[in-house]
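Q: What follows is upload_29.txt, compact mmCIF, C-alpha atoms (C1' of nucleotides).
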```
# COMPACT_ATOMS: atom_id res chain seq x y z
CA MET A 84 111.03 68.71 -75.77
CA VAL A 85 109.12 66.93 -73.11
CA GLY A 86 111.67 66.31 -70.42
CA ALA A 87 112.80 69.93 -70.36
CA SER A 88 115.27 68.44 -67.92
CA TYR A 89 116.57 70.68 -65.19
CA PRO A 90 118.88 73.26 -66.74
CA GLY A 91 121.36 73.64 -63.93
CA GLY A 92 122.42 71.48 -61.04
CA MET A 93 119.11 72.19 -59.37
CA ASN A 94 117.02 69.16 -58.45
CA THR A 95 113.39 69.47 -59.32
CA PRO A 96 111.90 67.39 -56.51
CA ASP A 97 109.04 66.06 -58.63
CA ASP A 98 111.36 64.90 -61.38
CA ASP A 99 113.56 63.32 -58.77
CA TRP A 100 110.69 61.40 -57.25
CA LEU A 101 109.45 60.46 -60.67
CA ARG A 102 112.77 58.86 -61.46
CA LEU A 103 112.88 57.01 -58.15
CA ASP A 104 109.32 55.90 -58.56
CA GLN A 105 110.01 54.60 -61.99
CA GLN A 106 112.80 52.48 -60.62
CA ILE A 107 110.85 50.91 -57.79
CA CYS A 108 107.75 50.10 -59.81
CA PHE A 109 109.81 48.82 -62.71
CA SER A 110 111.84 46.67 -60.37
CA LEU A 111 108.91 45.13 -58.57
CA HIS A 112 107.00 44.56 -61.78
CA ALA A 113 110.00 42.99 -63.47
CA ALA A 114 110.91 40.81 -60.49
CA SER A 115 107.39 39.54 -60.20
CA ARG A 116 107.25 38.57 -63.85
CA ALA A 117 110.72 37.06 -63.80
CA PHE A 118 109.68 34.90 -60.87
CA ASN A 119 106.53 33.96 -62.71
CA GLY A 120 108.58 32.92 -65.71
CA VAL A 121 110.87 30.65 -63.71
CA TYR A 122 107.90 29.03 -62.00
CA ARG A 123 106.23 28.55 -65.35
CA GLY A 124 109.18 26.58 -66.66
CA ILE A 125 109.46 24.40 -63.59
CA LEU A 126 105.74 23.87 -63.03
CA LYS A 127 105.08 22.87 -66.62
CA ASP A 128 106.10 19.33 -65.69
CA LEU A 129 103.34 19.27 -63.06
CA GLY A 130 100.74 20.73 -65.40
CA LEU A 131 100.21 23.68 -63.07
CA THR A 132 100.32 27.42 -63.56
CA TYR A 133 101.92 29.59 -60.93
CA PRO A 134 98.63 30.71 -59.31
CA GLN A 135 97.36 27.14 -59.41
CA TYR A 136 100.52 26.07 -57.61
CA LEU A 137 99.84 28.67 -54.92
CA VAL A 138 96.37 27.22 -54.44
CA MET A 139 97.77 23.70 -54.22
CA LEU A 140 100.32 24.85 -51.63
CA VAL A 141 97.51 26.05 -49.40
CA LEU A 142 95.50 22.89 -49.95
CA TRP A 143 98.49 20.68 -49.19
CA GLU A 144 98.60 22.32 -45.80
CA HIS A 145 94.88 22.47 -45.08
CA ASP A 146 93.55 19.89 -47.49
CA GLU A 147 89.93 20.95 -47.06
CA LEU A 148 88.59 24.46 -46.83
CA PRO A 149 85.93 26.77 -48.25
CA VAL A 150 86.63 29.04 -51.21
CA LYS A 151 86.33 32.03 -48.91
CA LYS A 152 89.18 30.89 -46.65
CA LEU A 153 91.28 30.00 -49.66
CA GLY A 154 90.76 33.51 -50.92
CA GLU A 155 91.84 34.98 -47.60
CA HIS A 156 95.06 32.97 -47.60
CA LEU A 157 95.85 34.01 -51.16
CA ARG A 158 94.25 37.47 -51.17
CA LEU A 159 92.16 36.49 -54.16
CA ASP A 160 88.43 36.86 -54.69
CA SER A 161 85.90 34.48 -56.20
CA GLY A 162 86.21 36.20 -59.55
CA THR A 163 89.72 34.81 -59.81
CA LEU A 164 89.30 31.61 -57.83
CA SER A 165 86.12 30.24 -59.35
CA PRO A 166 87.45 29.66 -62.85
CA LEU A 167 90.86 28.63 -61.50
CA LEU A 168 89.30 25.98 -59.25
CA LYS A 169 87.15 24.79 -62.10
CA ARG A 170 90.31 24.15 -64.08
CA LEU A 171 91.90 22.32 -61.16
CA GLU A 172 88.75 20.24 -60.87
CA ALA A 173 88.79 19.48 -64.60
CA ALA A 174 92.41 18.36 -64.13
CA GLY A 175 91.20 15.96 -61.43
CA LEU A 176 93.23 17.56 -58.63
CA VAL A 177 90.40 18.91 -56.46
CA ARG A 178 86.71 18.34 -55.84
CA ARG A 179 84.22 21.10 -55.01
CA GLU A 180 81.04 20.44 -53.08
CA ARG A 181 78.62 22.77 -51.38
CA SER A 182 78.81 22.72 -47.63
CA ALA A 183 75.99 20.92 -45.83
CA ARG A 184 75.98 23.46 -42.99
CA ASP A 185 75.99 26.53 -45.21
CA GLU A 186 74.68 26.05 -48.71
CA ARG A 187 76.33 29.29 -49.80
CA SER A 188 79.79 27.93 -49.08
CA VAL A 189 81.73 25.59 -51.35
CA GLU A 190 84.28 23.25 -49.81
CA VAL A 191 87.41 22.57 -51.83
CA ARG A 192 89.09 19.24 -51.16
CA LEU A 193 92.07 17.45 -52.69
CA THR A 194 91.51 14.29 -54.68
CA GLU A 195 93.87 11.33 -54.42
CA GLU A 196 95.62 12.72 -57.46
CA GLY A 197 95.88 16.11 -55.84
CA VAL A 198 97.42 14.61 -52.72
CA ALA A 199 99.79 12.53 -54.81
CA LEU A 200 100.97 15.56 -56.77
CA ARG A 201 102.57 16.91 -53.61
CA GLY A 202 105.28 14.27 -53.88
CA ARG A 203 106.32 15.53 -57.29
CA ALA A 204 106.10 19.14 -56.08
CA LEU A 205 108.57 18.65 -53.27
CA GLN A 206 111.51 19.29 -55.56
CA VAL A 207 110.10 22.57 -56.87
CA PRO A 208 111.16 24.87 -54.00
CA ARG A 209 114.75 23.70 -54.19
CA ARG A 210 114.91 24.42 -57.89
CA ILE A 211 113.32 27.83 -57.39
CA ALA A 212 115.63 28.74 -54.54
CA SER A 213 118.67 27.79 -56.56
CA SER A 214 117.39 29.90 -59.45
CA THR A 215 117.36 32.98 -57.28
CA GLY A 216 121.00 32.56 -56.29
CA PHE A 217 119.94 33.83 -52.86
CA GLY A 218 120.68 32.06 -49.60
CA PRO A 219 117.96 31.23 -47.08
CA GLU A 220 118.85 34.27 -45.00
CA GLU A 221 118.69 36.65 -47.92
CA ILE A 222 115.35 35.21 -48.94
CA ARG A 223 114.04 35.61 -45.44
CA ALA A 224 115.18 39.23 -45.29
CA LEU A 225 113.68 40.06 -48.66
CA ARG A 226 110.42 38.36 -47.72
CA ALA A 227 110.20 40.43 -44.55
CA ARG A 228 110.77 43.64 -46.53
CA LEU A 229 108.11 42.69 -49.04
CA ASP A 230 105.63 41.86 -46.30
CA ASP A 231 106.28 45.24 -44.68
CA LEU A 232 105.66 46.82 -48.05
CA THR A 233 102.42 44.91 -48.57
CA THR A 234 101.16 45.83 -45.11
CA ALA A 235 101.87 49.50 -45.70
CA LEU A 236 100.35 49.46 -49.17
CA ASP A 237 97.20 47.72 -47.98
CA ALA A 238 96.78 50.25 -45.21
CA ALA A 239 97.25 53.08 -47.70
CA ALA A 240 94.77 51.51 -50.10
CA LEU A 241 92.17 51.46 -47.35
CA ALA A 242 92.86 55.04 -46.39
CA ASP A 243 92.85 56.24 -50.01
CA PRO A 244 90.51 53.75 -51.62
CA PRO A 245 89.68 53.11 -55.26
CA GLY A 246 85.97 52.93 -54.54
CA GLY A 247 85.49 55.67 -51.97
CA SER A 248 86.60 56.91 -48.58
CA PRO A 249 85.87 55.03 -45.35
CA ALA A 250 83.41 57.81 -44.50
CA ASP A 251 81.26 56.55 -47.37
CA GLU A 252 80.50 53.33 -45.58
CA ARG A 253 77.31 54.79 -44.09
CA PRO A 254 75.38 56.52 -46.86
CA MET B 253 96.37 14.09 -43.14
CA VAL B 254 98.51 15.49 -45.88
CA GLY B 255 100.79 17.81 -43.96
CA ALA B 256 101.88 15.03 -41.63
CA SER B 257 104.03 17.77 -40.11
CA TYR B 258 107.30 16.65 -38.65
CA PRO B 259 106.60 14.70 -35.45
CA GLY B 260 109.75 15.50 -33.53
CA GLY B 261 112.35 18.22 -33.82
CA MET B 262 113.58 16.69 -37.07
CA ASN B 263 113.52 18.93 -40.09
CA THR B 264 112.50 17.28 -43.31
CA PRO B 265 114.55 19.38 -45.72
CA ASP B 266 111.97 19.27 -48.49
CA ASP B 267 109.19 20.36 -46.19
CA ASP B 268 111.40 23.11 -44.88
CA TRP B 269 112.13 24.43 -48.33
CA LEU B 270 108.51 24.09 -49.27
CA ARG B 271 107.51 26.30 -46.38
CA LEU B 272 110.17 28.87 -47.17
CA ASP B 273 109.28 28.82 -50.81
CA GLN B 274 105.66 29.41 -50.06
CA GLN B 275 106.59 32.47 -48.09
CA ILE B 276 108.79 34.06 -50.73
CA CYS B 277 106.45 33.46 -53.64
CA PHE B 278 103.43 34.49 -51.60
CA SER B 279 105.23 37.62 -50.50
CA LEU B 280 106.36 38.71 -53.92
CA HIS B 281 103.01 37.92 -55.48
CA ALA B 282 101.13 39.78 -52.75
CA ALA B 283 103.46 42.78 -52.81
CA SER B 284 103.16 43.07 -56.56
CA ARG B 285 99.38 43.03 -56.44
CA ALA B 286 99.24 45.39 -53.48
CA PHE B 287 101.41 47.83 -55.39
CA ASN B 288 99.20 47.41 -58.40
CA GLY B 289 96.15 48.19 -56.28
CA VAL B 290 97.61 51.41 -54.90
CA TYR B 291 98.62 52.54 -58.38
CA ARG B 292 95.17 51.71 -59.67
CA GLY B 293 93.54 53.99 -57.12
CA ILE B 294 95.93 56.87 -57.81
CA LEU B 295 96.07 56.49 -61.60
CA LYS B 296 92.31 56.34 -62.00
CA ASP B 297 92.31 60.16 -62.03
CA LEU B 298 94.63 60.09 -65.03
CA GLY B 299 92.63 57.43 -66.86
CA LEU B 300 95.65 55.12 -66.95
CA THR B 301 96.20 51.56 -65.85
CA TYR B 302 99.42 50.62 -64.12
CA PRO B 303 101.11 49.10 -67.21
CA GLN B 304 99.92 52.03 -69.30
CA TYR B 305 101.54 54.34 -66.76
CA LEU B 306 104.79 52.40 -67.12
CA VAL B 307 104.65 52.92 -70.87
CA MET B 308 103.98 56.62 -70.42
CA LEU B 309 106.93 56.90 -68.02
CA VAL B 310 109.22 55.57 -70.71
CA LEU B 311 107.72 57.84 -73.35
CA TRP B 312 108.03 60.89 -71.11
CA GLU B 313 111.75 60.25 -71.05
CA HIS B 314 112.25 59.27 -74.67
CA ASP B 315 109.15 60.69 -76.27
CA GLU B 316 109.65 58.84 -79.54
CA LEU B 317 110.77 55.25 -80.00
CA PRO B 318 109.86 52.04 -81.81
CA VAL B 319 107.70 49.38 -80.19
CA LYS B 320 110.72 47.11 -80.03
CA LYS B 321 112.73 49.50 -77.88
CA LEU B 322 109.72 50.15 -75.68
CA GLY B 323 109.45 46.42 -75.15
CA GLU B 324 113.09 46.19 -74.18
CA HIS B 325 112.72 48.93 -71.59
CA LEU B 326 109.63 47.29 -70.11
CA ARG B 327 110.49 43.65 -70.79
CA LEU B 328 107.22 43.26 -72.67
CA ASP B 329 106.62 41.79 -76.11
CA SER B 330 104.37 42.93 -78.91
CA GLY B 331 101.64 40.58 -77.76
CA THR B 332 101.20 42.75 -74.70
CA LEU B 333 102.21 46.10 -76.14
CA SER B 334 100.18 46.12 -79.34
CA PRO B 335 96.73 46.15 -77.74
CA LEU B 336 97.95 48.39 -74.90
CA LEU B 337 99.31 50.96 -77.35
CA LYS B 338 96.10 50.79 -79.33
CA ARG B 339 94.21 51.75 -76.19
CA LEU B 340 96.61 54.62 -75.50
CA GLU B 341 96.13 55.75 -79.07
CA ALA B 342 92.35 55.52 -78.72
CA ALA B 343 92.70 57.67 -75.59
CA GLY B 344 94.56 60.24 -77.69
CA LEU B 345 97.81 60.01 -75.72
CA VAL B 346 100.08 58.51 -78.38
CA ARG B 347 100.33 58.18 -82.14
CA ARG B 348 101.72 55.17 -83.97
CA GLU B 349 103.20 55.37 -87.42
CA ARG B 350 105.33 52.99 -89.40
CA SER B 351 108.92 54.03 -89.74
CA ALA B 352 109.96 55.39 -93.13
CA ARG B 353 113.39 53.77 -92.89
CA ASP B 354 112.15 50.35 -91.85
CA GLU B 355 108.59 49.52 -92.77
CA ARG B 356 108.56 46.70 -90.22
CA SER B 357 109.03 49.09 -87.34
CA VAL B 358 106.32 51.22 -85.72
CA GLU B 359 107.30 54.48 -84.07
CA VAL B 360 105.37 55.46 -80.97
CA ARG B 361 105.20 59.17 -80.25
CA LEU B 362 103.41 61.26 -77.64
CA THR B 363 100.60 63.56 -78.72
CA GLU B 364 100.17 67.02 -77.22
CA GLU B 365 97.74 65.44 -74.79
CA GLY B 366 100.22 62.76 -73.88
CA VAL B 367 102.88 65.37 -73.21
CA ALA B 368 100.45 67.42 -71.16
CA LEU B 369 99.49 64.44 -69.03
CA ARG B 370 102.99 64.42 -67.58
CA GLY B 371 102.18 67.53 -65.60
CA ARG B 372 99.31 65.80 -63.85
CA ALA B 373 101.44 62.69 -63.32
CA LEU B 374 104.16 64.53 -61.44
CA GLN B 375 102.32 64.17 -58.16
CA VAL B 376 101.88 60.41 -58.53
CA PRO B 377 105.33 59.29 -57.31
CA ARG B 378 105.05 61.30 -54.14
CA ARG B 379 101.70 59.74 -53.31
CA ILE B 380 103.03 56.26 -54.06
CA ALA B 381 106.16 56.77 -52.01
CA SER B 382 104.15 57.98 -49.06
CA SER B 383 101.88 54.94 -49.40
CA THR B 384 104.82 52.62 -48.96
CA GLY B 385 105.88 54.23 -45.71
CA PHE B 386 109.45 53.64 -46.86
CA GLY B 387 112.12 56.28 -47.02
CA PRO B 388 114.14 56.95 -50.20
CA GLU B 389 117.03 54.90 -48.88
CA GLU B 390 114.88 51.89 -48.04
CA ILE B 391 113.27 52.06 -51.45
CA ARG B 392 116.66 52.21 -53.10
CA ALA B 393 117.88 49.19 -51.14
CA LEU B 394 114.78 47.17 -51.92
CA ARG B 395 115.02 48.08 -55.58
CA ALA B 396 118.61 46.90 -55.70
CA ARG B 397 117.64 43.57 -54.12
CA LEU B 398 114.78 43.10 -56.56
CA ASP B 399 117.05 43.88 -59.49
CA ASP B 400 119.55 41.31 -58.26
CA LEU B 401 116.72 38.83 -58.02
CA THR B 402 115.49 39.60 -61.53
CA THR B 403 118.97 39.25 -62.97
CA ALA B 404 119.46 35.88 -61.30
CA LEU B 405 116.01 34.64 -62.31
CA ASP B 406 116.49 35.70 -65.92
CA ALA B 407 119.81 33.90 -66.07
CA ALA B 408 118.22 30.78 -64.60
CA ALA B 409 115.34 30.97 -67.05
CA LEU B 410 117.81 31.00 -69.92
CA ALA B 411 119.75 28.06 -68.48
CA ASP B 412 116.58 26.06 -67.76
CA PRO B 413 114.23 27.35 -70.41
CA PRO B 414 110.50 26.80 -70.84
CA GLY B 415 110.86 26.10 -74.54
CA GLY B 416 114.03 24.02 -74.67
CA SER B 417 117.69 23.97 -73.77
CA PRO B 418 120.27 26.28 -75.33
CA ALA B 419 121.64 23.23 -77.15
CA ASP B 420 118.41 23.16 -79.15
CA GLU B 421 119.25 26.43 -80.86
CA ARG B 422 120.96 24.63 -83.71
CA PRO B 423 118.73 21.80 -84.86
C1' DC C 191 57.44 34.55 -38.28
C1' DA C 192 58.32 38.20 -41.94
C1' DC C 193 61.62 41.11 -44.08
C1' DA C 194 65.66 43.73 -44.91
C1' DA C 195 70.70 43.52 -44.83
C1' DT C 196 74.59 40.69 -45.32
C1' DT C 197 77.37 36.95 -47.03
C1' DG C 198 79.40 33.63 -50.40
C1' DA C 199 79.97 31.86 -55.24
C1' DG C 200 79.61 32.59 -59.57
C1' DT C 201 79.38 35.45 -63.96
C1' DT C 202 80.61 39.25 -67.07
C1' DG C 203 83.63 42.62 -68.99
C1' DT C 204 88.11 44.82 -69.30
C1' DG C 205 93.05 44.72 -69.25
C1' DT C 206 97.20 42.64 -68.94
C1' DG C 207 101.03 38.75 -69.82
C1' DC C 208 102.88 35.29 -72.59
C1' DA C 209 103.42 31.38 -76.06
C1' DA C 210 102.73 30.47 -80.72
C1' DT C 211 101.66 31.86 -85.19
C1' DT C 212 101.16 34.97 -89.21
C1' DG C 213 102.65 38.16 -92.59
C1' DA C 214 105.28 41.80 -94.36
C1' DA C 215 109.88 43.81 -94.80
C1' DT C 216 114.83 43.47 -94.56
C1' DG C 217 119.46 41.53 -94.99
C1' DG C 218 122.81 38.23 -96.26
C1' DT C 219 124.47 34.66 -99.51
C1' DG C 220 125.35 32.31 -103.63
C1' DC D 36 119.56 39.11 -109.11
C1' DA D 37 117.13 35.28 -106.58
C1' DC D 38 116.36 32.98 -102.35
C1' DC D 39 116.30 32.08 -97.67
C1' DA D 40 116.79 33.28 -92.80
C1' DT D 41 115.84 36.89 -89.65
C1' DT D 42 113.31 40.66 -87.69
C1' DC D 43 109.28 43.26 -86.25
C1' DA D 44 104.45 44.07 -85.35
C1' DA D 45 100.16 42.18 -85.02
C1' DT D 46 96.94 38.45 -83.96
C1' DT D 47 95.12 34.32 -81.54
C1' DG D 48 94.35 31.53 -77.59
C1' DC D 49 94.72 30.78 -72.78
C1' DA D 50 95.05 32.14 -67.90
C1' DC D 51 95.07 35.31 -64.35
C1' DA D 52 93.31 39.77 -61.61
C1' DC D 53 89.80 42.70 -60.38
C1' DA D 54 85.51 45.62 -60.46
C1' DA D 55 80.73 45.25 -60.81
C1' DC D 56 76.88 42.53 -60.83
C1' DT D 57 73.58 38.50 -60.01
C1' DC D 58 71.49 35.02 -57.25
C1' DA D 59 70.73 32.05 -53.49
C1' DA D 60 71.32 31.25 -48.58
C1' DT D 61 71.79 33.04 -44.01
C1' DT D 62 71.45 36.34 -40.29
C1' DG D 63 69.61 40.05 -37.68
C1' DT D 64 65.59 42.72 -36.29
C1' DG D 65 61.03 43.96 -35.22
```
How does the structure come out when it is put into structure tokens?

A:
Amino acid sequence: MVGASYPGGMNTPDDDWLRLDQQICFSLHAASRAFNGVYRGILKDLGLTYPQYLVMLVLWEHDELPVKKLGEHLRLDSGTLSPLLKRLEAAGLVRRERSARDERSVEVRLTEEGVALRGRALQVPRRIASSTGFGPEEIRALRARLDDLTTALDAAALADPPGGSPADERP
Amino acid sequence: MVGASYPGGMNTPDDDWLRLDQQICFSLHAASRAFNGVYRGILKDLGLTYPQYLVMLVLWEHDELPVKKLGEHLRLDSGTLSPLLKRLEAAGLVRRERSARDERSVEVRLTEEGVALRGRALQVPRRIASSTGFGPEEIRALRARLDDLTTALDAAALADPPGGSPADERP
DNA sequence: CACAATTGAGTTGTGTGCAATTGAATGGTG
DNA sequence: CACCATTCAATTGCACACAACTCAATTGTG
């Protein structure tokens, strides 16, 4: 009734694209959530959620930086980070203090506990990698593809924005 | 202070995996959200969110099926679908009615409006595909990789479950 | 120096996503 | 037939994401 699928062997281009589109968005969505699920199981021991783990990864490398920079690394805004960091602070893993230089900025810094947690986290990547069944080279290739995709999608989002066109910048 | 990055040419395996892991989980996470953002911009015209669009895609192909089946197609449970379907019903796109055969089951069916929306949605895939900058073949290859990944991750999640081991099934 | 524009966190509201629970309906077993 | 385990949808509670907004601090300009 709805599909009214093509009567003959003719391809209706739109239907064709629709099918393809369904596959790619399904696949990405499903892969993302499957990954999330595996991380959830493994990170439960550390008392971290998946996004919290991403934050800790950045902090283990930089160990002190403002919320703004953290957001740039993770592509997250304060609306997501503020409550997340509050939870990490409540868990005793990080401390937040306003910068002396710029009172608007809040510096996030690992506590002793936060630093110590890194030791227990070292085994996580190995377990994740083995869960994927992919070798290092496959992972690298897939990562590169995904980064290409993200770059292209970001560029497209800027060109065809949710809020308005670039021409709107000067009202 | 924390990183204590390897002094010489020596690779600390754990650190190496940690770095790699960060890249793959960052990449997948970022790609998923970038995709979501592009869909959001394009779907705004249709008054749909990205997950709602996924549900509509399934319904446009099957046009009547129980919540359970919908969840199997989308890998979502009733906790996610129930409120989502309520919103689609409030928007006048679907109707929900309990099955006559099995009173536990709820049949989801497109309304006239829901059927009509498909016409306006036909242009969406083309816009998405062009946003990715990928050709059909690249998309197909990426999709296949992601599906492999999902399959492997699901299998691993079952073997190393969040709730308990398979041996726990018979207490 | 005064004042407008910008920047950075935080808050609010909406919409997922998922674990855990509830409650009704169904099916199998004795 | 009675009873118990299973199934399905819905609900509850928690944690992201993100848009839109608020508020304070800073910067740029006259």

Q: Could you list, with a cut-off of 8 Å and counting all atoms listed in the file, the residues of chain D near chain B, each shown with its nearest atom pair and the distance in Å rounded to one decimal, rows sorted by chain and ascending number, as JSON lines?

A:
```
{"residue": "D:DC43", "atom": "C1'", "partner": "B:Arg356", "partner_atom": "CA", "distance": 5.3}
{"residue": "D:DA44", "atom": "C1'", "partner": "B:Ser330", "partner_atom": "CA", "distance": 6.5}
{"residue": "D:DA45", "atom": "C1'", "partner": "B:Ser334", "partner_atom": "CA", "distance": 6.9}
```

Q: Given the selection you just returned, output its residues as a file containing C-alpha atoms (C1' of nucleotides), formatted as a PDB file, in the frame of the given file.

A:
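Wrote it out as again25.pdb, contents follow:
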```pdb
ATOM      1  C1'  DC D  43     109.280  43.260 -86.250  1.00  0.00           C
ATOM      2  C1'  DA D  44     104.450  44.070 -85.350  1.00  0.00           C
ATOM      3  C1'  DA D  45     100.160  42.180 -85.020  1.00  0.00           C
TER       4       DA D  45
END
```

Q: A:Thr233, A:Gln105, A:Ser115, A:Ser110: which is nearest Val307 of chain B, counting all atoms listed in the file?

A: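 When distances to Val307 of chain B are compared using all atoms listed in the file, the smallest one comes from A:Gln105.
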
Q: For the atom pair atom CA of Leu101 of chain A and atom CA of Pro377 of chain B, what is the interatomic distance in Å to one decimal place?

A: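 Atom-to-atom, atom CA of Leu101 of chain A and atom CA of Pro377 of chain B are spaced 5.4 Å apart.
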
Q: As a CSV table (one decimal) with C-alpha atoms, in the frame of the given file, please: the residues near Asp400 of chain B (cut-off 9 Å, only C-alpha atoms (C1' of nucleotides), same-chain neighbours under 5 positions excluded).

A:
```csv
chain,number,residue,atom,x,y,z
A,114,ALA,CA,110.9,40.8,-60.5
A,215,THR,CA,117.4,33.0,-57.3
B,395,ARG,CA,115.0,48.1,-55.6
B,405,LEU,CA,116.0,34.6,-62.3
```

Q: Taking only C-alpha atoms (C1' of nucleotides) into account, report as a PyMOL selection string which residues of chain C lie within 10 Å of chain B.

A: chain C and resi 205-209+214-216

Q: Quick one: pull the distance between atom CA of Glu349 of chain B and atom CA of Gly371 of chain B, Å, one decimal.

A: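 Spanning atom CA of Glu349 of chain B to atom CA of Gly371 of chain B is a straight-line distance of 25.0 Å.
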
Q: For each of B:Asn288, B:Ser351, B:Ser383, B:Thr403, take the minimum atom-to-atom distance to chain A, counting all atoms listed in the file, then give the residue where this is smallest.

A: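 That would be B:Ser383, the residue with the smallest distance to chain A.
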
Q: Residues near DC56 of chain D, anyone? I mean within 12 Å using all atoms listed in the file, not counting same-chain ones fewer than 4 positions away, as a PyMOL selection string.

A: (chain A and resi 162) or (chain C and resi 200-203)

Q: Can you tell me how far atom CA of Ala199 of chain A sits from atom CA of Ala212 of chain A, in Å to one decimal?

A: 22.7 Å

Q: Using only C-alpha atoms, which of A:Glu144, A:Arg210, A:Arg203, A:Gly197 sits nearest chain B?

A: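 Once distances to chain B are computed over only C-alpha atoms, the minimum belongs to A:Glu144.
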
Q: Taking only C-alpha atoms (C1' of nucleotides) into account, which of A:Leu131, A:Leu153, A:Asp146, A:Ala173 comes nearest DA50 of chain D?

A: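 Once distances to DA50 of chain D are computed over only C-alpha atoms (C1' of nucleotides), the minimum belongs to A:Leu131.
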
Q: Counting all atoms listed in the file, which of A:Leu176, A:Leu193, A:Leu168, A:Ala235 gets nearest to chain B?

A: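 Closest to chain B of all the choices is A:Ala235.
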
Q: Just checking: using only C-alpha atoms, which residue out of A:Tyr136, A:Trp100, A:Phe109, A:Tyr122 ends up closest to Arg209 of chain A?

A: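 Ranked by minimum distance to Arg209 of chain A, first place goes to A:Tyr122.
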